[in-house]
file coords-v2.tsv (TSV, C-alpha atoms)
chain	number	residue	atom	x	y	z
A	1003	GLY	CA	89.07	16.72	-10.58
A	1004	LYS	CA	87.65	15.40	-13.90
A	1005	LEU	CA	85.47	12.90	-12.00
A	1006	ARG	CA	84.10	15.64	-9.78
A	1007	ASN	CA	83.32	17.83	-12.81
A	1008	CYS	CA	81.37	14.92	-14.40
A	1009	VAL	CA	79.33	14.37	-11.22
A	1010	ASP	CA	78.54	18.09	-10.95
A	1011	HIS	CA	77.49	18.20	-14.61
A	1012	ALA	CA	75.15	15.18	-14.16
A	1013	ALA	CA	73.59	16.69	-11.05
A	1014	PHE	CA	73.01	19.96	-12.89
A	1015	GLN	CA	71.29	18.16	-15.77
A	1016	THR	CA	69.04	16.22	-13.32
A	1017	LYS	CA	68.04	19.39	-11.47
A	1018	ASP	CA	67.30	21.13	-14.75
A	1019	ALA	CA	65.07	18.26	-15.85
A	1020	MET	CA	63.13	18.33	-12.54
A	1021	ASP	CA	62.61	22.09	-12.87
A	1022	ARG	CA	61.21	21.66	-16.38
A	1023	LEU	CA	58.89	18.85	-15.20
A	1024	CYS	CA	57.52	20.99	-12.35
A	1025	MET	CA	56.98	23.90	-14.74
A	1026	ASP	CA	55.08	21.65	-17.20
A	1027	ARG	CA	52.82	20.40	-14.42
A	1028	PHE	CA	52.14	23.92	-13.21
A	1029	MET	CA	51.21	25.07	-16.72
A	1030	GLN	CA	48.90	22.05	-17.18
A	1031	LYS	CA	47.04	22.77	-13.92
A	1032	SER	CA	46.62	26.42	-14.88
A	1033	ALA	CA	45.20	25.43	-18.25
A	1034	ASN	CA	42.74	23.00	-16.62
A	1035	LYS	CA	41.50	25.65	-14.16
A	1036	SER	CA	41.04	28.15	-16.96
A	1037	PHE	CA	39.05	25.63	-19.02
A	1038	ALA	CA	36.89	24.71	-16.06
A	1039	SER	CA	36.08	28.34	-15.26
A	1040	ASN	CA	35.13	29.08	-18.88
A	1041	ALA	CA	33.15	25.86	-19.41
A	1042	LYS	CA	29.34	26.10	-19.29
A	1043	LEU	CA	27.99	24.33	-16.21
A	1044	PRO	CA	25.01	22.01	-16.72
A	1045	PRO	CA	21.71	23.24	-15.26
A	1046	LYS	CA	20.86	22.01	-11.79
A	1047	THR	CA	18.12	19.40	-11.68
A	1048	SER	CA	16.07	18.37	-8.68
A	1049	PRO	CA	16.34	14.73	-7.64
A	1050	PRO	CA	13.52	12.46	-8.84
A	1051	LYS	CA	10.65	12.01	-6.46
A	1052	SER	CA	10.51	8.75	-4.59
A	1053	LYS	CA	7.33	6.85	-3.76
A	1054	LEU	CA	7.49	8.36	-0.29
A	1055	ASP	CA	6.97	11.85	-1.76
A	1056	HIS	CA	3.71	11.00	-3.53
A	1057	PRO	CA	0.40	11.53	-1.71
A	1058	ARG	CA	-1.91	8.56	-1.09
A	1059	LYS	CA	-5.62	8.94	-1.78
A	1060	LEU	CA	-8.07	6.90	0.30
A	1061	MET	CA	-11.68	6.68	-0.83
A	1062	ILE	CA	-14.32	6.30	1.88
A	1063	PRO	CA	-16.69	3.49	0.75
A	1064	GLY	CA	-20.12	4.68	-0.34
A	1065	TRP	CA	-21.88	2.07	1.80
A	1066	LEU	CA	-20.17	3.60	4.85
A	1067	LEU	CA	-21.10	7.16	3.93
A	1068	SER	CA	-24.76	6.17	3.56
A	1069	ASP	CA	-25.02	5.43	7.28
A	1070	ASP	CA	-26.19	8.25	9.54
A	1071	PHE	CA	-24.40	6.79	12.56
A	1072	PHE	CA	-21.02	6.92	10.79
A	1073	LEU	CA	-21.58	10.50	9.61
A	1074	GLN	CA	-22.52	11.57	13.14
A	1075	GLN	CA	-19.45	9.89	14.68
A	1076	THR	CA	-17.03	11.52	12.22
A	1077	LYS	CA	-18.67	14.94	12.19
A	1078	GLY	CA	-15.78	16.49	14.10
A	1079	GLY	CA	-13.17	14.83	11.86
A	1080	LEU	CA	-11.69	11.38	11.53
A	1081	PHE	CA	-10.13	11.56	15.00
A	1082	GLY	CA	-13.10	13.38	16.45
A	1083	SER	CA	-12.64	16.75	18.10
A	1084	GLU	CA	-9.46	15.72	19.89
A	1085	TRP	CA	-6.80	17.86	18.20
A	1086	CYS	CA	-4.03	16.10	20.14
A	1087	LYS	CA	-4.71	12.87	18.21
A	1088	GLN	CA	-4.33	14.78	14.96
A	1089	ALA	CA	-1.00	16.18	16.17
A	1090	ASN	CA	0.05	12.68	17.23
A	1091	PHE	CA	-0.73	11.46	13.71
A	1092	GLN	CA	1.61	14.06	12.18
A	1093	GLU	CA	4.36	13.34	14.69
A	1094	LYS	CA	4.29	9.57	14.19
A	1095	THR	CA	3.92	9.49	10.41
A	1096	GLY	CA	5.58	12.65	9.08
A	1097	CYS	CA	2.40	13.21	7.04
A	1098	ASP	CA	-0.48	15.66	6.87
A	1099	LEU	CA	-4.06	14.45	6.60
A	1100	VAL	CA	-6.10	16.51	4.13
A	1101	PHE	CA	-9.87	16.14	3.83
A	1102	ARG	CA	-10.77	16.98	0.24
A	1103	SER	CA	-14.42	16.05	0.73
A	1104	GLN	CA	-16.50	13.55	2.66
A	1105	TYR	CA	-15.75	10.99	-0.07
A	1106	TYR	CA	-11.98	10.78	0.22
A	1107	LEU	CA	-8.96	11.98	2.13
A	1108	LEU	CA	-5.34	12.56	1.18
A	1109	ILE	CA	-2.19	11.53	3.02
A	1110	LYS	CA	0.57	13.96	2.08
A	1111	PRO	CA	4.22	14.09	3.24
A	1112	SER	CA	4.49	17.07	5.58
A	1113	PRO	CA	7.06	19.73	4.54
A	1114	ASN	CA	7.63	20.54	8.22
A	1115	SER	CA	8.25	16.98	9.32
A	1116	GLU	CA	11.58	16.01	10.87
A	1117	CYS	CA	11.27	12.36	9.75
A	1118	LEU	CA	10.69	10.51	6.50
A	1119	PRO	CA	7.00	10.14	5.64
A	1120	LYS	CA	5.59	6.77	6.70
A	1121	LEU	CA	2.59	6.27	4.43
A	1122	ASN	CA	1.89	2.72	5.59
A	1123	ILE	CA	1.80	3.73	9.25
A	1124	ALA	CA	-0.44	6.69	8.37
A	1125	THR	CA	-2.78	4.38	6.43
A	1126	THR	CA	-2.95	1.93	9.36
A	1127	MET	CA	-3.87	4.74	11.78
A	1128	ILE	CA	-6.68	5.86	9.47
A	1129	GLU	CA	-7.92	2.29	9.10
A	1130	ASN	CA	-7.92	1.86	12.89
A	1131	ALA	CA	-9.89	5.08	13.35
A	1132	LEU	CA	-12.55	3.90	10.90
A	1133	LEU	CA	-12.64	0.40	12.39
A	1134	LYS	CA	-13.22	1.94	15.80
A	1135	VAL	CA	-16.35	3.61	14.44
A	1136	LEU	CA	-17.61	0.28	13.10
A	1137	GLY	CA	-16.94	-1.60	16.32
A	1138	VAL	CA	-17.68	-5.33	16.30
A	1139	ASP	CA	-19.09	-5.67	12.83
A	1140	GLU	CA	-18.99	-8.16	9.99
A	1141	SER	CA	-18.18	-5.39	7.50
A	1142	ARG	CA	-14.67	-4.82	8.91
A	1143	CYS	CA	-13.09	-7.04	6.24
A	1144	LYS	CA	-14.83	-5.16	3.44
A	1145	LEU	CA	-13.85	-1.79	4.88
A	1146	LEU	CA	-10.14	-2.72	4.88
A	1147	TYR	CA	-10.49	-4.21	1.39
A	1148	ASP	CA	-12.25	-1.16	-0.08
A	1149	LEU	CA	-9.76	1.28	1.47
A	1150	THR	CA	-6.77	-0.67	0.12
A	1151	LEU	CA	-8.38	-1.09	-3.29
A	1152	SER	CA	-8.85	2.68	-3.55
A	1153	TYR	CA	-5.09	3.36	-3.62
A	1154	THR	CA	-3.85	0.10	-5.21
A	1155	GLN	CA	-2.47	0.68	-8.70
A	1156	HIS	CA	-3.66	-1.64	-11.45
A	1157	PRO	CA	-5.26	-4.46	-9.42
A	1158	VAL	CA	-5.77	-7.63	-11.47
A	1159	ASP	CA	-9.17	-9.33	-11.11
A	1160	GLY	CA	-9.75	-7.51	-7.83
A	1161	ILE	CA	-6.90	-9.31	-6.05
A	1162	ILE	CA	-4.93	-6.90	-3.84
A	1163	HIS	CA	-2.18	-7.08	-1.23
A	1164	MET	CA	-3.70	-5.80	1.99
A	1165	ARG	CA	-3.61	-5.89	5.77
A	1166	ASN	CA	-4.95	-9.14	7.14
A	1167	PRO	CA	-8.31	-8.35	8.83
A	1168	LEU	CA	-7.86	-11.37	11.11
A	1169	SER	CA	-4.26	-10.58	12.08
A	1170	SER	CA	-2.99	-7.04	11.54
A	1171	ALA	CA	0.63	-8.16	11.95
A	1172	GLU	CA	0.79	-9.53	8.41
A	1173	ARG	CA	-0.35	-8.74	4.89
A	1174	VAL	CA	-2.18	-11.12	2.58
A	1175	TRP	CA	-3.49	-11.37	-0.97
A	1176	ALA	CA	-7.26	-11.07	-0.90
A	1177	ASN	CA	-10.45	-10.58	-2.85
A	1178	ILE	CA	-14.14	-10.25	-2.05
A	1179	ILE	CA	-17.10	-12.01	-3.68
A	1180	ASP	CA	-20.48	-10.34	-3.34
A	1181	LEU	CA	-23.07	-12.97	-2.35
A	1182	SER	CA	-26.15	-10.99	-3.40
A	1183	PRO	CA	-26.21	-12.28	-7.04
A	1184	TYR	CA	-26.37	-15.87	-5.82
A	1185	SER	CA	-29.14	-17.83	-4.09
A	1186	LYS	CA	-30.28	-16.78	-0.63
A	1187	LEU	CA	-28.70	-19.74	1.18
A	1188	CYS	CA	-25.61	-19.95	-1.03
A	1189	HIS	CA	-23.34	-19.51	2.00
A	1190	THR	CA	-24.32	-23.00	3.16
A	1191	SER	CA	-22.44	-24.46	0.22
A	1192	LEU	CA	-19.19	-22.88	1.49
A	1193	VAL	CA	-19.12	-24.66	4.85
A	1194	LYS	CA	-18.94	-28.15	3.37
A	1195	LYS	CA	-16.01	-30.45	3.94
A	1196	GLU	CA	-14.79	-30.42	0.32
A	1197	VAL	CA	-14.59	-26.62	0.36
A	1198	ASN	CA	-12.54	-26.60	3.58
A	1199	GLU	CA	-10.20	-29.24	2.14
A	1200	GLU	CA	-9.66	-27.21	-1.03
A	1201	MET	CA	-8.92	-24.04	0.96
A	1202	HIS	CA	-6.45	-25.97	3.10
A	1203	LYS	CA	-4.74	-27.38	0.03
A	1204	LEU	CA	-4.36	-23.88	-1.45
A	1205	TRP	CA	-3.18	-22.40	1.88
A	1206	CYS	CA	-6.08	-19.95	1.85
A	1207	THR	CA	-8.66	-18.74	4.35
A	1208	LEU	CA	-12.34	-18.22	3.60
A	1209	LYS	CA	-14.49	-15.92	5.74
A	1210	ILE	CA	-18.25	-15.61	5.25
A	1211	CYS	CA	-19.53	-12.19	6.34
A	1212	ARG	CA	-23.28	-11.77	6.84
A	1213	GLU	CA	-25.77	-10.96	9.57
A	1214	ASN	CA	-25.67	-13.85	11.99
A	1215	PHE	CA	-26.39	-14.41	15.68
A	1216	GLY	CA	-27.27	-10.78	16.24
A	1217	VAL	CA	-24.10	-9.43	14.56
A	1218	LYS	CA	-25.10	-6.77	12.05
A	1219	LEU	CA	-23.55	-6.16	8.66
A	1220	PHE	CA	-23.81	-2.36	8.77
A	1221	ARG	CA	-24.70	-1.09	5.27
A	1222	CYS	CA	-22.74	-3.38	2.94
A	1223	ARG	CA	-24.19	-6.50	1.34
A	1224	PRO	CA	-23.30	-10.07	2.39
A	1225	TYR	CA	-19.96	-11.21	1.01
A	1226	VAL	CA	-17.20	-13.76	1.34
A	1227	MET	CA	-13.50	-12.88	1.62
A	1228	ILE	CA	-10.75	-15.17	0.38
A	1229	MET	CA	-7.23	-14.59	1.73
A	1230	GLY	CA	-3.91	-16.27	1.00
A	1231	ARG	CA	-0.18	-15.78	1.28
A	1232	HIS	CA	0.41	-16.22	-2.47
A	1233	LYS	CA	-1.34	-14.36	-5.25
A	1234	ALA	CA	-1.62	-17.36	-7.60
A	1235	SER	CA	-3.14	-19.68	-4.98
A	1236	THR	CA	-5.53	-16.93	-3.87
A	1237	GLY	CA	-6.71	-16.52	-7.46
A	1238	ALA	CA	-7.24	-20.29	-7.72
A	1239	ALA	CA	-9.25	-20.28	-4.48
A	1240	ILE	CA	-11.45	-17.43	-5.74
A	1241	ASP	CA	-12.23	-19.30	-8.96
A	1242	PHE	CA	-13.08	-22.43	-6.96
A	1243	VAL	CA	-15.46	-20.55	-4.63
A	1244	LYS	CA	-17.23	-18.93	-7.58
A	1245	ARG	CA	-17.78	-22.35	-9.18
A	1246	VAL	CA	-19.25	-23.68	-5.92
A	1247	LEU	CA	-21.60	-20.69	-5.61
A	1248	LYS	CA	-22.75	-20.94	-9.22
A	1249	LYS	CA	-23.40	-24.66	-8.88
A	1250	HIS	CA	-25.42	-24.19	-5.70
A	1251	THR	CA	-27.48	-21.40	-7.29
A	1252	ARG	CA	-28.11	-23.47	-10.41
A	1253	ASP	CA	-29.15	-26.52	-8.40
A	1254	THR	CA	-31.44	-24.37	-6.24
A	1255	GLU	CA	-33.17	-22.89	-9.29
A	1256	ILE	CA	-33.69	-26.38	-10.76
A	1257	ASN	CA	-35.23	-27.61	-7.51
A	1258	ASP	CA	-37.53	-24.57	-7.34
A	1259	PHE	CA	-38.95	-25.31	-10.80
A	1260	GLU	CA	-39.50	-29.02	-10.19
A	1261	PRO	CA	-43.18	-29.91	-9.66

call {"tool": "encode", "arguments": {"input": "coords-v2.tsv", "output": "structure tokens"}}
result
Amino acid sequence: GKLRNCVDHAAFQTKDAMDRLCMDRFMQKSANKSFASNAKLPPKTSPPKSKLDHPRKLMIPGWLLSDDFFLQQTKGGLFGSEWCKQANFQEKTGCDLVFRSQYYLLIKPSPNSECLPKLNIATTMIENALLKVLGVDESRCKLLYDLTLSYTQHPVDGIIHMRNPLSSAERVWANIIDLSPYSKLCHTSLVKKEVNEEMHKLWCTLKICRENFGVKLFRCRPYVMIMGRHKASTGAAIDFVKRVLKKHTRDTEINDFEP
């Protein structure tokens, strides 16, 4: 009987302790809820804008706007009067195309779009529309360069990362050198063997763009484009080409003044 009384007493004490523990936990939860309801909530903040949310501004090159043929072809808009192409642009890119003036246009993420804005795809479609107006022309490289330069932030020495004019499936580092300040036949100095070897060593491509064999240059001046896969090697190739052009011009001037 004494043993049973001891067991009953121990069980009573254990149950009493569990009841007190449950009560303490209940009181603690109540206190936490009360504190949370009385606490001042921080103000709601909108999430930071990503790069996809920012509009992209594309400047139409002045040499292109000075041509009457281009202005006539784009009179009804960049995609002409075919509204379905404009709708296709919005559907594929999730962007709206806004014409601020004849000098530039704005690619803006559409608030009604069901997909994330694709600024690069939108830019490519605009480039293709402008290239279609040019047709087979030696100024295609400069058009793509000028368009990319217009929205590139902080380009160093004119070197930008752009769509490859010779192969649209890849992007390259590129720059353009205007040939007009140099001698009339300066381009002949760029087709020599030593120039080709240097370009090959630097993994770069050199393209001379001028009126040749009946191919017109539209309104821009003769130029040479240097392209490469790496920014540093492209910069080295540009410096090399400039030295070659300066040397040829200097030698030509010396020969002109010789009796």

call {"tool": "closest_residue", "arguments": {"input": "coords-v2.tsv", "among": "A:Leu1073, A:Leu1121, A:Met1227, A:Met1127", "to": "A:Gln1104", "atoms": "only C-alpha atoms"}}
result
A:Leu1073

call {"tool": "atom_distance", "arguments": {"input": "coords-v2.tsv", "atom1": "atom CA of A:Met1201", "atom2": "atom CA of A:Leu1149"}}
result
25.3 Å

call {"tool": "atom_distance", "arguments": {"input": "coords-v2.tsv", "atom1": "atom CA of A:Asp1241", "atom2": "atom CA of A:Leu1060"}}
result
28.1 Å

call {"tool": "axis_aligned_box", "arguments": {"input": "coords-v2.tsv", "around": "stretch 1152-1164 of chain A", "padding_each_side": "3 Å", "output": "AutoDock Vina command-line options"}}
result
--center_x -6.0 --center_y -3.0 --center_z -4.7 --size_x 13.6 --size_y 18.7 --size_z 19.5

call {"tool": "residues_around", "arguments": {"input": "coords-v2.tsv", "residues": "A:Thr1150", "least_positions_apart": "5", "cutoff": "10 Å", "atoms": "only C-alpha atoms", "output": "number ranges by chain"}}
result
A: 1059-1061, 1125, 1129, 1144-1145, 1155, 1162-1165

call {"tool": "residues_near_point", "arguments": {"input": "coords-v2.tsv", "point": "(-10.5, -12.1, -11.6)", "cutoff": "12 Å", "atoms": "only C-alpha atoms", "output": "short mmCIF file (atom, residue, chain, number, x, y, z; two decimals) with C-alpha atoms, keeping the file's coordinate frame"}}
result
data_model
loop_
_atom_site.label_atom_id
_atom_site.label_comp_id
_atom_site.auth_asym_id
_atom_site.auth_seq_id
_atom_site.Cartn_x
_atom_site.Cartn_y
_atom_site.Cartn_z
CA PRO A 1157 -5.26 -4.46 -9.42
CA VAL A 1158 -5.77 -7.63 -11.47
CA ASP A 1159 -9.17 -9.33 -11.11
CA GLY A 1160 -9.75 -7.51 -7.83
CA ILE A 1161 -6.90 -9.31 -6.05
CA ILE A 1162 -4.93 -6.90 -3.84
CA ALA A 1176 -7.26 -11.07 -0.90
CA ASN A 1177 -10.45 -10.58 -2.85
CA ILE A 1178 -14.14 -10.25 -2.05
CA ILE A 1179 -17.10 -12.01 -3.68
CA LYS A 1233 -1.34 -14.36 -5.25
CA ALA A 1234 -1.62 -17.36 -7.60
CA THR A 1236 -5.53 -16.93 -3.87
CA GLY A 1237 -6.71 -16.52 -7.46
CA ALA A 1238 -7.24 -20.29 -7.72
CA ALA A 1239 -9.25 -20.28 -4.48
CA ILE A 1240 -11.45 -17.43 -5.74
CA ASP A 1241 -12.23 -19.30 -8.96
CA PHE A 1242 -13.08 -22.43 -6.96
CA LYS A 1244 -17.23 -18.93 -7.58
#

call {"tool": "residues_around", "arguments": {"input": "coords-v2.tsv", "residues": "stretch 1252-1256 of chain A", "least_positions_apart": "6", "cutoff": "10 Å", "atoms": "only C-alpha atoms", "output": "number ranges by chain"}}
result
A: 1184-1188, 1246

call {"tool": "closest_residue", "arguments": {"input": "coords-v2.tsv", "among": "A:Pro1167, A:Pro1224, A:Gly1230, A:Gly1137", "to": "A:Phe1071", "atoms": "only C-alpha atoms"}}
result
A:Gly1137
